[in-house]
Amino acid sequence: MRAVGHGRRERATPGPVVVDAMGGDHGPAETVRGAVSAVRDHGVRVTLVGRAGEIRRELARHGAAGEIDVVDAEDVVPMTERGAGAAGRAASSLVVGCGLVRRGAGVAFVSSGSTGAVVTCAIRGLGKAEGVLRPALAVALPNVAGGSTVLIDAGATSDPTPEMIAQFALLGASYAELVLGVADPSVGLLSIGSEPGKGNRLTRRAEELLRGLPLRFHGNVEGHDVLAGTVDVIATDGFTGNVVLKNVEGSVRAALTMVAQEGIATPDRLREVAGRYDPRTHGGAALLGLNGTVVVAHGSSRAATIARACVVARELAEGKIVTRLPSHLTAGPAT
């Protein structure tokens, strides 16, 4: 492929990644900077959605005026919005951005806004794939066995039914197969013990359903299995999954800080290990189960994370993961 300006590479993509410029704790400044990096450093086509005047001022700061398309959306969904009211804000960057993807003006949508609001607007704007009860956020976490473990749900649905968790497992297994290349992925259910029947009513019923699905179900797994490589996919509810994800990020930082203080490893080596679990590395979580590609970045995302999220979104779109997932999804878990 021929290299073009600013270190970009020309790639054939059917359309741009639509980015919510106003979402997150640091939008639009960091979001625009990340979008510029995605375009210049990674060759991702991008459309920014939000308050056009603010976005263009930020683009001008980076000498990128006219380099990235801007779609005006004057309303901003606050980070405190849990989701219920977001879909009704027709002029918001979330609603307008999802609408662009629905109409084919973009191949994927990226936002670091309130997770609940992004999920609500994505469901309303793009619709759930056939047979899907609720979408779920999937994050691939590096494990000590040298591979990755897909954690699902990482925060989309805090209070799912057992049937939803069973379907999250199907979505996660499909993601591991299609995106990570894992043949016949093993699936575990996060619980308080590995023995059958452990857990609360939600997990006990989910375990019963999982045993009846066309999956290589390992059984229950515990918190210490998340990074151990015990299974390829760990299914849980969105509340627990989000706590686990943030605990992993914080625990890795804390452990490496203690190692650094003891002088056990070189700073370069510690930075390399820490980088594997940095949100800037994985960019965000893929929202699976929709009629469109959506990547939800961390609310505190800086430019590097936004750029990576754009790359992930493009790769998911190019791989046609959205259209391939339903063929791996059964009509639904038995009730």
# chains A, B, ... in the order shown; residues from 1 in each chain; ligands from 1
>>> closest_atom_pairs(of="segment 44-129 of chain A", to="segment 154-164 of chain A", cutoff="9 Å", atoms="only C-alpha atoms", output="Markdown table")
| residue | atom | partner | partner_atom | distance |
| --- | --- | --- | --- | --- |
| A:Thr115 | CA | A:Ala156 | CA | 6.8 |
| A:Gly116 | CA | A:Ala156 | CA | 6.6 |
| A:Val119 | CA | A:Ala156 | CA | 6.4 |
>>> closest_atom_pairs(of="segment 173-201 of chain A", to="segment 211-235 of chain A", cutoff="7 Å", atoms="only C-alpha atoms", output="CSV")
residue,atom,partner,partner_atom,distance
A:Ala173,CA,A:Val233,CA,6.3
A:Asp184,CA,A:Arg216,CA,7.0
A:Pro185,CA,A:Asp232,CA,5.6
A:Ser186,CA,A:Arg216,CA,5.0
A:Val187,CA,A:Val233,CA,4.7
A:Gly188,CA,A:Ile234,CA,4.8
A:Leu189,CA,A:Asn220,CA,4.7
A:Leu190,CA,A:Val221,CA,5.0
A:Ser191,CA,A:Glu222,CA,5.5
A:Ile192,CA,A:Glu222,CA,5.8
A:Gly193,CA,A:Glu222,CA,5.8
A:Ser194,CA,A:Asn220,CA,4.6
A:Glu195,CA,A:Asn220,CA,6.6
A:Pro196,CA,A:Asn220,CA,6.7
>>> residues_around(residues="segment 282-291 of chain A", least_positions_apart="3", cutoff="8 Å", atoms="only C-alpha atoms", output="number ranges by chain")
A: 119, 122-123, 126-129, 132, 134-140, 154, 156, 171, 277-279, 294-298, 305-310, 312-313, 322-323, 325-326
>>> atom_distance(atom1="atom CA of Ser174 of chain A", atom2="atom CA of Leu209 of chain A")
17.4 Å
>>> closest_residue(among="A:Gly34, A:Gly250, A:Gly319, A:Gly146", to="Ser111 of chain A", atoms="only C-alpha atoms")
A:Gly34
>>> closest_residue(among="A:Arg61, A:Val70, A:Ala303, A:Gly23", to="Val95 of chain A", atoms="only C-alpha atoms")
A:Gly23
>>> residues_around(residues="segment 63-67 of chain A", least_positions_apart="5", cutoff="9 Å", atoms="only C-alpha atoms", output="list in words")
Val36, Val39, Arg56, Arg57 and Glu58 of chain A
>>> write_last_selection(atoms="N, CA and C atoms", output="PDB file, in the first residue's frame")
ATOM      1  N   VAL A  36      -7.816  13.288  14.877  1.00  0.00           N
ATOM      2  CA  VAL A  36      -6.755  13.718  13.968  1.00  0.00           C
ATOM      3  C   VAL A  36      -5.646  12.665  13.917  1.00  0.00           C
ATOM      4  N   VAL A  39      -6.709   9.689  11.813  1.00  0.00           N
ATOM      5  CA  VAL A  39      -6.630   9.976  10.380  1.00  0.00           C
ATOM      6  C   VAL A  39      -5.181   9.985   9.903  1.00  0.00           C
ATOM      7  N   ARG A  56     -14.512  22.693  14.941  1.00  0.00           N
ATOM      8  CA  ARG A  56     -13.640  23.316  13.935  1.00  0.00           C
ATOM      9  C   ARG A  56     -12.528  24.136  14.580  1.00  0.00           C
ATOM     10  N   ARG A  57     -12.810  24.734  15.725  1.00  0.00           N
ATOM     11  CA  ARG A  57     -11.739  25.455  16.440  1.00  0.00           C
ATOM     12  C   ARG A  57     -10.652  24.489  16.886  1.00  0.00           C
ATOM     13  N   GLU A  58     -11.061  23.318  17.360  1.00  0.00           N
ATOM     14  CA  GLU A  58     -10.081  22.318  17.779  1.00  0.00           C
ATOM     15  C   GLU A  58      -9.305  21.776  16.583  1.00  0.00           C
TER      16      GLU A  58
END
